[in-house]
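Q: File name entry-v8.tsv; file contents TSV, C-alpha atoms; full text below.
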```tsv
chain	number	residue	atom	x	y	z
V	24	MET	CA	-41.46	23.27	-8.84
V	25	SER	CA	-42.94	21.43	-5.86
V	26	LYS	CA	-46.70	21.47	-5.56
V	27	LEU	CA	-48.15	23.43	-2.67
V	28	LEU	CA	-50.54	21.57	-0.39
V	29	LYS	CA	-53.19	24.23	-0.98
V	30	ASP	CA	-53.18	23.35	-4.67
V	31	SER	CA	-54.80	20.03	-3.81
V	32	TYR	CA	-57.96	22.13	-3.65
V	33	ASN	CA	-58.22	22.65	-7.41
V	34	LYS	CA	-60.86	22.42	-10.15
V	35	HIS	CA	-60.40	18.65	-10.40
V	36	PHE	CA	-61.15	18.27	-6.69
V	37	LEU	CA	-64.13	20.64	-6.94
V	38	GLU	CA	-65.50	18.71	-9.93
V	39	LYS	CA	-65.37	15.47	-7.98
V	40	LEU	CA	-66.84	17.11	-4.88
V	41	SER	CA	-69.73	18.71	-6.74
V	42	GLN	CA	-70.42	15.44	-8.53
V	43	GLU	CA	-70.67	13.55	-5.23
V	44	ILE	CA	-72.89	16.25	-3.72
V	45	LYS	CA	-75.22	16.19	-6.71
V	46	LYS	CA	-75.81	12.47	-6.16
V	47	HIS	CA	-77.64	13.47	-2.97
V	48	ASP	CA	-78.98	16.87	-4.03
V	49	GLN	CA	-80.16	17.00	-7.63
V	50	MET	CA	-80.86	20.73	-7.26
V	51	LEU	CA	-77.16	21.63	-6.97
V	52	ASP	CA	-75.87	23.89	-9.75
V	53	LYS	CA	-72.38	22.40	-10.14
V	54	LYS	CA	-71.06	25.20	-12.33
V	55	ALA	CA	-72.25	27.92	-9.95
V	56	PHE	CA	-70.79	26.04	-6.97
V	57	ILE	CA	-67.37	25.67	-8.60
V	58	ASN	CA	-67.34	29.27	-9.83
V	59	HIS	CA	-68.19	30.47	-6.32
V	60	CYS	CA	-65.15	28.59	-5.00
V	61	VAL	CA	-62.57	29.68	-7.58
V	62	GLN	CA	-63.57	33.33	-7.94
V	63	GLU	CA	-60.84	35.73	-6.92
V	64	PRO	CA	-58.93	35.89	-4.67
V	65	TRP	CA	-58.83	32.06	-4.88
V	66	ASN	CA	-55.24	31.96	-6.16
V	67	GLU	CA	-54.01	34.04	-3.23
V	68	LEU	CA	-55.80	32.00	-0.57
V	69	GLY	CA	-53.89	29.60	1.67
V	70	LEU	CA	-54.84	26.01	2.44
V	71	LYS	CA	-57.26	26.65	5.29
V	72	GLU	CA	-58.70	29.72	3.57
V	73	ARG	CA	-59.57	27.65	0.52
V	74	MET	CA	-61.09	25.03	2.79
V	75	LYS	CA	-63.28	27.67	4.44
V	76	LYS	CA	-64.34	29.07	1.08
V	77	ILE	CA	-65.45	25.64	-0.14
V	78	SER	CA	-67.46	25.17	3.08
V	79	CYS	CA	-69.15	28.53	2.61
V	80	ALA	CA	-69.88	27.81	-1.07
V	81	PHE	CA	-71.52	24.52	-0.10
V	82	ASP	CA	-73.64	26.26	2.51
V	83	HIS	CA	-74.68	28.89	-0.06
V	84	HIS	CA	-75.52	26.57	-2.95
V	85	VAL	CA	-77.28	23.71	-1.14
V	86	ASN	CA	-80.80	24.51	0.04
V	87	GLY	CA	-82.10	23.15	3.30
V	88	ASN	CA	-81.30	23.23	7.00
V	89	PHE	CA	-78.06	22.23	8.66
V	90	THR	CA	-79.18	18.64	9.27
V	91	PHE	CA	-79.89	18.15	5.56
V	92	LYS	CA	-76.55	19.65	4.52
V	93	ALA	CA	-74.58	17.68	7.12
V	94	THR	CA	-76.25	14.46	5.95
V	95	ILE	CA	-75.24	15.13	2.35
V	96	LEU	CA	-71.64	15.88	3.24
V	97	THR	CA	-71.41	12.87	5.54
V	98	LYS	CA	-72.51	10.59	2.71
V	99	ALA	CA	-70.13	12.26	0.25
V	100	SER	CA	-67.15	12.11	2.63
V	101	VAL	CA	-66.76	8.34	2.31
V	102	ASN	CA	-65.41	8.84	-1.23
V	103	PHE	CA	-62.56	11.13	-0.16
V	104	ASN	CA	-59.47	10.70	1.97
V	105	GLY	CA	-56.33	12.47	3.07
V	106	TYR	CA	-56.00	16.11	3.96
V	107	THR	CA	-58.38	17.38	1.27
V	108	ALA	CA	-61.18	15.44	2.97
V	109	CYS	CA	-60.80	17.75	5.99
V	110	VAL	CA	-63.15	20.09	4.14
V	111	PHE	CA	-66.05	17.94	5.37
V	112	PRO	CA	-65.45	18.29	9.13
V	113	ASP	CA	-64.53	21.93	8.43
V	114	PHE	CA	-68.12	22.56	7.29
V	115	ILE	CA	-69.38	21.05	10.56
V	116	GLU	CA	-67.00	23.27	12.54
V	117	GLU	CA	-68.07	26.35	10.57
V	118	PHE	CA	-71.84	25.88	10.58
V	119	GLY	CA	-72.68	23.18	13.15
V	120	LEU	CA	-71.82	24.72	16.53
V	121	ASN	CA	-75.52	25.27	17.30
V	122	HIS	CA	-76.38	21.69	16.30
V	123	PHE	CA	-74.46	19.55	18.77
V	124	THR	CA	-76.11	16.15	18.22
V	125	ASP	CA	-76.09	16.22	14.41
V	126	SER	CA	-72.57	17.64	14.34
V	127	VAL	CA	-71.13	14.97	16.62
V	128	LYS	CA	-72.72	12.20	14.55
V	129	SER	CA	-71.25	13.63	11.36
V	130	LEU	CA	-67.78	14.19	12.82
V	131	GLU	CA	-67.68	10.61	14.10
V	132	LYS	CA	-68.25	9.29	10.58
V	133	MET	CA	-66.14	11.86	8.73
V	134	THR	CA	-63.04	11.28	10.84
V	135	CYS	CA	-62.82	7.73	9.51
V	136	TYR	CA	-61.81	9.10	6.09
V	137	SER	CA	-59.74	12.15	7.05
V	138	THR	CA	-59.55	13.62	10.55
V	139	ALA	CA	-61.87	15.76	12.62
V	140	GLU	CA	-59.18	16.65	15.19
V	141	PHE	CA	-59.39	20.36	14.33
V	142	ALA	CA	-63.17	20.52	13.97
V	143	VAL	CA	-63.94	19.11	17.43
V	144	ARG	CA	-62.00	21.82	19.27
V	145	PRO	CA	-64.62	24.61	19.12
V	146	PHE	CA	-67.18	22.09	20.41
V	147	LEU	CA	-64.91	21.28	23.36
V	148	GLU	CA	-64.80	24.99	24.17
V	149	LEU	CA	-68.53	25.61	23.75
V	150	TYR	CA	-69.81	22.35	25.28
V	151	PRO	CA	-67.01	21.28	27.65
V	152	LYS	CA	-68.90	18.74	29.76
V	153	LYS	CA	-71.00	17.25	26.96
V	154	MET	CA	-68.04	17.02	24.64
V	155	GLN	CA	-65.77	15.45	27.23
V	156	GLN	CA	-68.36	12.75	27.77
V	157	GLN	CA	-68.52	12.25	24.01
V	158	MET	CA	-64.74	11.89	23.84
V	159	ILE	CA	-64.88	9.25	26.56
V	160	LYS	CA	-67.43	7.33	24.46
V	161	TRP	CA	-65.24	7.70	21.39
V	162	SER	CA	-62.27	6.32	23.32
V	163	LYS	CA	-64.17	3.01	23.47
V	164	HIS	CA	-65.31	3.03	19.84
V	165	GLN	CA	-64.64	0.00	17.62
V	166	ASN	CA	-63.07	2.12	14.87
V	167	HIS	CA	-59.46	3.13	15.57
V	168	HIS	CA	-59.86	6.43	13.69
V	169	VAL	CA	-62.63	7.43	16.09
V	170	ARG	CA	-60.59	6.32	19.10
V	171	ARG	CA	-57.68	8.42	17.86
V	172	LEU	CA	-60.02	11.40	17.54
V	173	ALA	CA	-60.82	11.03	21.24
V	174	SER	CA	-57.15	11.65	22.05
V	175	GLU	CA	-55.92	13.86	19.20
V	176	GLY	CA	-58.92	16.19	19.26
V	177	CYS	CA	-58.40	17.16	22.89
V	178	ARG	CA	-54.64	17.69	22.80
V	179	PRO	CA	-53.93	20.90	24.72
V	180	ARG	CA	-51.33	22.05	22.16
V	181	LEU	CA	-52.33	20.43	18.86
V	182	PRO	CA	-49.96	21.66	16.09
V	183	TRP	CA	-51.72	23.90	13.55
V	184	GLY	CA	-54.78	23.87	15.80
V	185	LYS	CA	-56.11	26.31	18.35
V	186	ALA	CA	-54.76	25.63	21.83
V	187	LEU	CA	-57.35	24.38	24.33
V	188	VAL	CA	-56.78	26.77	27.21
V	189	GLN	CA	-59.01	24.85	29.62
V	190	PHE	CA	-56.83	21.76	29.32
V	191	LYS	CA	-53.61	23.73	29.51
V	192	ARG	CA	-54.88	25.01	32.86
V	193	ASP	CA	-56.25	21.69	34.09
V	194	PRO	CA	-55.51	18.48	32.16
V	195	GLN	CA	-57.22	16.19	34.68
V	196	PRO	CA	-60.38	15.67	32.54
V	197	LEU	CA	-58.17	14.25	29.78
V	198	LEU	CA	-56.70	11.49	31.93
V	199	ILE	CA	-59.85	9.33	31.77
V	200	ILE	CA	-59.68	9.35	27.98
V	201	LEU	CA	-55.94	8.68	27.88
V	202	ASP	CA	-56.21	5.92	30.46
V	203	ASN	CA	-58.77	4.17	28.23
V	204	LEU	CA	-56.40	4.40	25.25
V	205	LYS	CA	-52.97	3.85	26.84
V	206	ASN	CA	-52.88	0.21	25.73
V	207	ASP	CA	-54.89	0.55	22.54
V	208	PRO	CA	-54.20	-2.22	19.98
V	209	SER	CA	-53.49	0.42	17.33
V	210	GLU	CA	-50.07	2.11	17.35
V	211	TYR	CA	-51.73	4.98	15.44
V	212	VAL	CA	-53.88	5.60	18.52
V	213	ARG	CA	-51.09	5.03	21.05
V	214	ARG	CA	-48.88	7.61	19.35
V	215	SER	CA	-51.68	10.13	19.68
V	216	VAL	CA	-51.93	9.32	23.39
V	217	ALA	CA	-48.17	9.87	23.71
V	218	ASN	CA	-48.45	13.23	21.95
V	219	ASN	CA	-51.33	14.29	24.19
V	220	LEU	CA	-49.37	13.34	27.31
V	221	ASN	CA	-46.33	15.16	25.96
V	222	ASP	CA	-48.50	18.28	25.53
V	223	ILE	CA	-49.68	17.94	29.12
V	224	GLY	CA	-46.10	17.61	30.35
V	225	LYS	CA	-45.16	20.98	28.86
V	226	ASP	CA	-47.51	22.72	31.32
V	227	HIS	CA	-47.87	20.13	34.09
V	228	SER	CA	-44.81	17.90	34.26
V	229	GLU	CA	-45.95	16.40	37.58
V	230	VAL	CA	-49.19	15.16	35.99
V	231	LEU	CA	-47.26	13.44	33.22
V	232	LYS	CA	-44.76	11.92	35.64
V	233	SER	CA	-47.56	10.65	37.86
V	234	PHE	CA	-49.29	9.01	34.87
V	235	VAL	CA	-46.06	7.39	33.73
V	236	LYS	CA	-45.16	6.13	37.20
V	237	ALA	CA	-48.64	4.62	37.66
V	238	ASN	CA	-48.46	2.66	34.40
V	239	TYR	CA	-44.83	1.95	33.46
V	240	GLN	CA	-44.05	-1.79	33.51
V	241	LYS	CA	-47.56	-2.49	34.79
V	242	VAL	CA	-49.59	-2.77	31.57
V	243	SER	CA	-47.72	-3.96	28.47
V	244	LEU	CA	-44.58	-3.43	26.41
V	245	ASN	CA	-46.63	-1.38	23.95
V	246	CYS	CA	-47.80	0.86	26.76
V	247	ASP	CA	-44.24	1.22	28.06
V	248	LYS	CA	-43.06	2.30	24.61
V	249	MET	CA	-45.87	4.83	24.43
V	250	LEU	CA	-45.02	6.22	27.87
V	251	LYS	CA	-41.39	6.71	26.93
V	252	HIS	CA	-42.40	8.56	23.76
V	253	ALA	CA	-44.75	10.68	25.86
V	254	SER	CA	-41.83	11.58	28.13
V	255	ARG	CA	-39.44	12.59	25.35
V	256	ASN	CA	-39.24	16.27	26.32
V	257	LEU	CA	-38.61	15.46	29.98
V	258	LEU	CA	-35.97	12.92	28.97
V	259	LYS	CA	-34.25	15.47	26.74
V	260	SER	CA	-34.25	17.95	29.61
V	261	SER	CA	-32.67	15.26	31.86
V	262	ASP	CA	-35.49	15.43	34.37
V	263	LYS	CA	-34.25	13.44	37.38
V	264	ASP	CA	-37.65	12.03	38.27
V	265	ILE	CA	-38.43	10.68	34.82
V	266	LEU	CA	-34.92	9.23	34.47
V	267	LYS	CA	-35.48	7.43	37.77
V	268	ILE	CA	-38.89	6.10	36.71
V	269	PHE	CA	-37.37	4.58	33.57
V	270	SER	CA	-34.48	3.18	35.64
V	271	TYR	CA	-31.59	4.47	33.56
V	272	PRO	CA	-28.45	3.02	35.17
V	273	SER	CA	-25.28	4.78	36.22
V	274	ILE	CA	-22.74	5.54	33.49
V	275	GLU	CA	-19.73	5.63	35.83
V	276	HIS	CA	-18.28	2.51	34.20
V	277	ILE	CA	-18.35	4.06	30.70
V	278	LYS	CA	-15.52	6.14	29.30
V	279	LEU	CA	-16.02	8.57	26.42
V	280	LEU	CA	-12.88	8.45	24.29
V	281	ASP	CA	-11.41	9.72	21.00
V	282	PHE	CA	-13.77	12.65	20.52
V	283	ASN	CA	-13.20	14.36	17.18
V	284	MET	CA	-15.07	17.30	15.74
V	285	THR	CA	-14.86	19.85	12.95
V	286	GLU	CA	-14.08	23.01	14.91
V	287	THR	CA	-15.15	25.34	12.09
V	288	VAL	CA	-18.32	24.71	10.10
V	289	ASN	CA	-19.00	26.30	6.74
V	290	TRP	CA	-22.33	28.01	6.22
V	291	GLU	CA	-25.03	25.53	5.09
V	292	SER	CA	-22.64	22.64	5.73
V	293	ASN	CA	-22.43	19.99	8.49
V	294	LEU	CA	-20.89	19.74	11.91
V	295	GLU	CA	-19.22	16.32	11.94
V	296	PHE	CA	-18.20	14.57	15.14
V	297	SER	CA	-17.31	11.11	16.37
V	298	PHE	CA	-16.44	9.39	19.63
V	299	LEU	CA	-15.93	6.02	21.27
V	300	LEU	CA	-17.84	4.65	24.26
V	301	LYS	CA	-16.01	1.91	26.15
V	302	THR	CA	-16.30	-0.04	29.37
V	303	GLN	CA	-14.26	-2.66	31.18
V	304	ASP	CA	-17.52	-4.42	32.05
V	305	THR	CA	-18.88	-7.10	29.74
V	306	SER	CA	-21.33	-4.66	28.11
V	307	LEU	CA	-22.22	-0.99	27.93
V	308	GLY	CA	-25.75	-1.88	29.05
V	309	ILE	CA	-28.84	0.31	28.82
V	310	LEU	CA	-27.77	3.58	27.30
V	311	ARG	CA	-29.51	6.66	25.95
V	312	ILE	CA	-27.06	8.63	23.78
V	313	GLU	CA	-27.88	12.26	22.96
V	314	TYR	CA	-26.19	15.47	21.94
V	315	GLU	CA	-27.23	19.03	22.67
V	316	ILE	CA	-26.46	21.99	20.43
V	317	ALA	CA	-26.45	25.48	21.96
V	318	HIS	CA	-27.34	27.66	18.98
V	319	LEU	CA	-26.13	31.24	19.00
V	320	LYS	CA	-28.99	33.74	18.68
V	321	ASN	CA	-28.96	37.18	17.09
V	322	ASP	CA	-28.85	38.91	20.49
V	323	GLY	CA	-25.79	36.92	21.63
V	324	SER	CA	-27.72	34.52	23.88
V	325	TYR	CA	-28.13	30.80	23.21
V	326	HIS	CA	-31.00	28.44	22.51
V	327	SER	CA	-30.36	24.75	23.15
V	328	LYS	CA	-31.92	21.74	21.46
V	329	VAL	CA	-31.32	18.08	22.26
V	330	PHE	CA	-31.05	15.41	19.57
V	331	LYS	CA	-31.27	11.70	20.25
V	332	ILE	CA	-28.59	9.51	18.65
V	333	SER	CA	-29.71	6.09	19.86
V	334	GLU	CA	-31.08	4.15	22.80
V	335	SER	CA	-30.66	0.44	23.43
V	336	ASN	CA	-29.35	-2.24	25.73
V	337	PHE	CA	-25.90	-2.45	24.17
V	338	LYS	CA	-24.43	-5.95	24.61
V	339	ALA	CA	-20.93	-5.05	23.38
V	340	ASN	CA	-18.36	-3.36	25.62
V	341	ALA	CA	-17.62	-0.63	23.05
V	342	LYS	CA	-19.50	1.50	20.55
V	343	THR	CA	-18.24	3.98	17.97
V	344	VAL	CA	-20.55	6.87	17.11
V	345	LEU	CA	-20.26	9.03	13.98
V	346	ARG	CA	-22.69	11.88	13.48
V	347	LYS	CA	-23.43	14.83	11.20
V	348	HIS	CA	-25.47	17.84	12.28
V	349	SER	CA	-26.75	19.95	9.42
V	350	PHE	CA	-26.55	23.73	9.38
V	351	LYS	CA	-28.41	24.04	6.10
V	352	ALA	CA	-31.09	26.72	5.99
V	353	ARG	CA	-34.42	25.60	7.48
V	354	SER	CA	-37.71	27.39	7.89
V	355	VAL	CA	-38.02	26.27	11.52
V	356	ARG	CA	-34.65	27.55	12.70
V	357	LYS	CA	-32.43	30.49	11.79
V	358	TYR	CA	-28.66	30.20	12.23
V	359	TYR	CA	-26.21	32.96	13.12
V	360	PRO	CA	-22.44	32.83	12.55
V	361	GLY	CA	-20.20	32.70	15.60
V	362	LEU	CA	-19.41	30.45	18.54
V	363	HIS	CA	-21.76	27.49	19.13
V	364	HIS	CA	-21.51	24.67	21.67
V	365	ILE	CA	-22.09	20.93	21.70
V	366	SER	CA	-22.63	18.65	24.71
V	367	LEU	CA	-22.77	14.85	24.73
V	368	LYS	CA	-25.23	13.23	27.13
V	369	LEU	CA	-25.33	9.64	28.36
V	370	ASN	CA	-28.48	8.64	30.28
V	371	GLY	CA	-29.22	12.32	30.82
V	372	LYS	CA	-25.80	13.17	32.20
V	373	VAL	CA	-23.49	15.55	30.32
V	374	SER	CA	-20.23	13.72	29.63
V	375	LEU	CA	-18.44	16.24	27.40
V	376	ARG	CA	-18.72	19.86	26.21
V	377	ARG	CA	-16.96	21.48	23.27
V	378	SER	CA	-17.29	24.64	21.16
V	379	PHE	CA	-17.13	25.24	17.42
V	380	HIS	CA	-17.45	28.19	15.04
V	381	LEU	CA	-20.13	28.56	12.37
V	382	LEU	CA	-18.53	30.68	9.68
V	383	ASP	CA	-20.09	33.84	8.24
V	384	PRO	CA	-21.67	33.15	4.82
V	385	ASN	CA	-20.04	36.32	3.51
```
Rewrite the coordinates I just gave you, this time as C-alpha cells.
A:
Amino acid sequence: MSKLLKDSYNKHFLEKLSQEIKKHDQMLDKKAFINHCVQEPWNELGLKERMKKISCAFDHHVNGNFTFKATILTKASVNFNGYTACVFPDFIEEFGLNHFTDSVKSLEKMTCYSTAEFAVRPFLELYPKKMQQQMIKWSKHQNHHVRRLASEGCRPRLPWGKALVQFKRDPQPLLIILDNLKNDPSEYVRRSVANNLNDIGKDHSEVLKSFVKANYQKVSLNCDKMLKHASRNLLKSSDKDILKIFSYPSIEHIKLLDFNMTETVNWESNLEFSFLLKTQDTSLGILRIEYEIAHLKNDGSYHSKVFKISESNFKANAKTVLRKHSFKARSVRKYYPGLHHISLKLNGKVSLRRSFHLLDPN
C-alpha cells in the first residue's frame, strides 16, 4: 500500500521536532507536546489539518510571546526539509499575522528549507502595500529560494493555495517582481515566473501578451524559454497574437499523410494513432505539433484538452509520429463512453479532425 503524504507527519517526525525545539526551550514537555498532536482525531486528519494541529500544539506547549516562539521555530527549521518542513511557515501564518516584521524575517529564513509560498498569502491580503514592497526586496535576494518565494508566493492562482483576488483583478503590481526575475540565473526561479505569468494570462491575456512581446528575443535564450512556457495556455488555445509574437511560420508546405487511428477504444485502454508529416522543401522547419481531444461529458457536451507532442526546428523533410493517449481512470478526469473527437494541430492550425468511440465498460 502506498504511503499517504499526510503520514509523513508521524511520531518519528514529532520526536525529531520536539527534540529540536527542546534544544532552544528546555521547558518543553516533549511527551505532552507529542500527545497533544496525536490525540484523536489525528488518524482522520488530512495533511494540512495535521500541519495545523502541530502548529497549535507548539503554540500551546511553548511559553512566551510570538517573537520568542518564532525565533525557536526559525532555528529549528534549518534541520528539516521537504514538505514536512512547511509546518514551520504554517505556524507563522497561523499566529503571526499581527506581527508583520518578525513574521517576514522568519518566513525569509524558513523558505530556504521548505517553502513559505502558502504562508505569505494571508500577509499579502492583510498588508498589500507593505508585502508587495517586501516581495520586491525578496526578488533581489542572494538566495534563490527567497527569490522564488517572491514570485511563487504572489501567484494569483497558486495550486492548493488560496487565490489572491486582488491580483486576479489587477496583476500590474506583480509585473515589477516578475520583471526583476525574468532572467534569473536559477531555472527553479524562472519556472516560477513562468507559472505566475501563466496564472495572469488566464484572467488578463493582454497583460501576458504585452509582457512577452516586450521581452521576447530581447533578453536571453533562458528568458525566451521562460516566456514560451508562460504562454503555454495561449499557445494551446491557438491565440493568433501569441503565435505571431513567437513567429511560428506557415505550414502550407507541409502535408499530413497516412493518418491511422484505432476507431474504437476499450475502457481503460489507449487511443493509438500515427501520421506522417512531409514537405517538398528541404526541411519541415519550425513546427509545434499538438493534438486535441474533445472528451464527451455526462450531459452530452464536450470538454477539449490540448496535448503537446513535440516542438523543434525539424531539419529533415519528413517526420513520422506515433502516439498513445490513455483512457485509464484518473482522479483529475472522468471519462464517459461514446463518441469522442481528435484534432491534429500544426503551429496552432487544425490540420485534421477524426472521431472515435470509447466503449462502455459494461
Q: To one decimal place, how far is CA of Leu280 (chain V) from CA of Lys301 (chain V) in Å?
A: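 That distance, rounded to one decimal, is 7.5 Å.
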Q: Write out as a Markdown table the residues of region 132-247 of chain V that have any atom within 9 Å of an atom of region 93-109 of chain V, one row each with the nearest atom pair and its distance in Å to one decimal, counting only C-alpha atoms, sorted by chain and then rising number.
A:
```
| residue | atom | partner | partner_atom | distance |
| --- | --- | --- | --- | --- |
| V:Lys132 | CA | V:Thr97 | CA | 6.9 |
| V:Met133 | CA | V:Ser100 | CA | 6.2 |
| V:Thr134 | CA | V:Cys109 | CA | 8.4 |
| V:Cys135 | CA | V:Val101 | CA | 8.2 |
| V:Tyr136 | CA | V:Asn104 | CA | 5.0 |
| V:Ser137 | CA | V:Gly105 | CA | 5.3 |
| V:Thr138 | CA | V:Cys109 | CA | 6.3 |
| V:Ala139 | CA | V:Cys109 | CA | 7.0 |
| V:Phe141 | CA | V:Cys109 | CA | 8.9 |
| V:Ala142 | CA | V:Cys109 | CA | 8.8 |
```
Q: To one decimal place, how far is CA of Trp65 (chain V) from CA of Asn33 (chain V) in Å?
A: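 Computing it gives 9.8 Å between the two atoms.
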Q: Please list as a list of chain:residue names every residue within 10 Å of Val143 (chain V), counting all atoms listed in the file and excluding residues in the same chain fewer than 3 positions away.
A: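 Counting all atoms listed in the file, the residues come to V:Pro112, V:Asp113, V:Ile115, V:Glu116, V:Leu120, V:Ser126, V:Val127, V:Leu130, V:Glu131, V:Thr138, V:Ala139, V:Glu140, V:Phe146, V:Leu147, V:Glu148, V:Met154, V:Met158, V:Leu172, V:Ala173, V:Glu175, V:Gly176, V:Cys177.
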Q: Between V:Leu181, V:Ile365, V:Val212, V:Ile200, which has the minimum distance to Asn166 (chain V) (counting all atoms listed in the file)?
A: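 Answer, going by the shortest atom-to-atom distance: V:Val212.
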Q: What gap, in Å, lies between CA of Lys236 (chain V) and CA of Arg170 (chain V)?
A: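 Rounded to one decimal, the two atoms are 23.8 Å apart.
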Q: Name all residues at most 7 Å from region 346-362 of chain V (count only C-alpha atoms; drop same-chain ones fewer than 5 positions away) and give them as a PyMOL selection string.
A: chain V and resi 290-297+319-321+378-383
Q: With distances taken over all atoms listed in the file, which residue among V:Val329, V:His227, V:Phe298, V:Ile44 lies nearest Met284 (chain V)?
A: V:Phe298
Q: From (-54.3, 26.6, 3.7), in the file's coordinates, out to 12 Å: which residues are reached, counting only C-alpha atoms? Answer as a PyMOL selection string.
A: chain V and resi 27-32+65-77+106-107+109-110+183
Q: Write a file of the selected residues as a PDB file, in the coordinates of the input, keeping C-alpha atoms.
A:
```pdb
ATOM      1  CA  LEU V  27     -48.150  23.430  -2.670  1.00  0.00           C
ATOM      2  CA  LEU V  28     -50.540  21.570  -0.390  1.00  0.00           C
ATOM      3  CA  LYS V  29     -53.190  24.230  -0.980  1.00  0.00           C
ATOM      4  CA  ASP V  30     -53.180  23.350  -4.670  1.00  0.00           C
ATOM      5  CA  SER V  31     -54.800  20.030  -3.810  1.00  0.00           C
ATOM      6  CA  TYR V  32     -57.960  22.130  -3.650  1.00  0.00           C
ATOM      7  CA  TRP V  65     -58.830  32.060  -4.880  1.00  0.00           C
ATOM      8  CA  ASN V  66     -55.240  31.960  -6.160  1.00  0.00           C
ATOM      9  CA  GLU V  67     -54.010  34.040  -3.230  1.00  0.00           C
ATOM     10  CA  LEU V  68     -55.800  32.000  -0.570  1.00  0.00           C
ATOM     11  CA  GLY V  69     -53.890  29.600   1.670  1.00  0.00           C
ATOM     12  CA  LEU V  70     -54.840  26.010   2.440  1.00  0.00           C
ATOM     13  CA  LYS V  71     -57.260  26.650   5.290  1.00  0.00           C
ATOM     14  CA  GLU V  72     -58.700  29.720   3.570  1.00  0.00           C
ATOM     15  CA  ARG V  73     -59.570  27.650   0.520  1.00  0.00           C
ATOM     16  CA  MET V  74     -61.090  25.030   2.790  1.00  0.00           C
ATOM     17  CA  LYS V  75     -63.280  27.670   4.440  1.00  0.00           C
ATOM     18  CA  LYS V  76     -64.340  29.070   1.080  1.00  0.00           C
ATOM     19  CA  ILE V  77     -65.450  25.640  -0.140  1.00  0.00           C
ATOM     20  CA  TYR V 106     -56.000  16.110   3.960  1.00  0.00           C
ATOM     21  CA  THR V 107     -58.380  17.380   1.270  1.00  0.00           C
ATOM     22  CA  CYS V 109     -60.800  17.750   5.990  1.00  0.00           C
ATOM     23  CA  VAL V 110     -63.150  20.090   4.140  1.00  0.00           C
ATOM     24  CA  TRP V 183     -51.720  23.900  13.550  1.00  0.00           C
TER      25      TRP V 183
END
```
Q: Any idea what's packed within 12 Å of Pro208 (chain V), counting only C-alpha atoms, ignoring anything in its chain fewer than 4 positions away? Could you give it as a PyMOL selection string?
A: chain V and resi 163+165-167+170-171+203-204+212-214+243-246+249
Q: Next, write the just-selected residues to a file, as a short mmCIF file (atom, residue, chain, number, x, y, z; two decimals), keeping the file's coordinate frame, keeping C-alpha atoms as the atom set.
A:
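part04.cif, written as the output of this step:
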```cif
data_model
loop_
_atom_site.label_atom_id
_atom_site.label_comp_id
_atom_site.auth_asym_id
_atom_site.auth_seq_id
_atom_site.Cartn_x
_atom_site.Cartn_y
_atom_site.Cartn_z
CA LYS V 163 -64.17 3.01 23.47
CA GLN V 165 -64.64 0.00 17.62
CA ASN V 166 -63.07 2.12 14.87
CA HIS V 167 -59.46 3.13 15.57
CA ARG V 170 -60.59 6.32 19.10
CA ARG V 171 -57.68 8.42 17.86
CA ASN V 203 -58.77 4.17 28.23
CA LEU V 204 -56.40 4.40 25.25
CA VAL V 212 -53.88 5.60 18.52
CA ARG V 213 -51.09 5.03 21.05
CA ARG V 214 -48.88 7.61 19.35
CA SER V 243 -47.72 -3.96 28.47
CA LEU V 244 -44.58 -3.43 26.41
CA ASN V 245 -46.63 -1.38 23.95
CA CYS V 246 -47.80 0.86 26.76
CA MET V 249 -45.87 4.83 24.43
#
```
Q: Rank V:Lys205, V:Lys368, V:His59, V:Lys46 by their smallest atom-to-atom distance to Asn238 (chain V), using only C-alpha atoms, and report the top residue only.
A: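 Distance minimum relative to Asn238 (chain V) lands on V:Lys205.
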Q: List the neighbours of Ile57 (chain V) out to 10 Å using all atoms listed in the file; skip same-chain residues closer than 2 positions along the sequence, and give me the result as a PDB file with C-alpha atoms, in the coordinates of the input.
A:
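Contents of the output file out_33.pdb:
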```pdb
ATOM      1  CA  ASN V  33     -58.220  22.650  -7.410  1.00  0.00           C
ATOM      2  CA  LYS V  34     -60.860  22.420 -10.150  1.00  0.00           C
ATOM      3  CA  PHE V  36     -61.150  18.270  -6.690  1.00  0.00           C
ATOM      4  CA  LEU V  37     -64.130  20.640  -6.940  1.00  0.00           C
ATOM      5  CA  GLU V  38     -65.500  18.710  -9.930  1.00  0.00           C
ATOM      6  CA  LEU V  40     -66.840  17.110  -4.880  1.00  0.00           C
ATOM      7  CA  SER V  41     -69.730  18.710  -6.740  1.00  0.00           C
ATOM      8  CA  ASP V  52     -75.870  23.890  -9.750  1.00  0.00           C
ATOM      9  CA  LYS V  53     -72.380  22.400 -10.140  1.00  0.00           C
ATOM     10  CA  LYS V  54     -71.060  25.200 -12.330  1.00  0.00           C
ATOM     11  CA  ALA V  55     -72.250  27.920  -9.950  1.00  0.00           C
ATOM     12  CA  HIS V  59     -68.190  30.470  -6.320  1.00  0.00           C
ATOM     13  CA  CYS V  60     -65.150  28.590  -5.000  1.00  0.00           C
ATOM     14  CA  VAL V  61     -62.570  29.680  -7.580  1.00  0.00           C
ATOM     15  CA  GLN V  62     -63.570  33.330  -7.940  1.00  0.00           C
ATOM     16  CA  ILE V  77     -65.450  25.640  -0.140  1.00  0.00           C
ATOM     17  CA  ALA V  80     -69.880  27.810  -1.070  1.00  0.00           C
ATOM     18  CA  PHE V  81     -71.520  24.520  -0.100  1.00  0.00           C
ATOM     19  CA  HIS V  84     -75.520  26.570  -2.950  1.00  0.00           C
TER      20      HIS V  84
END
```
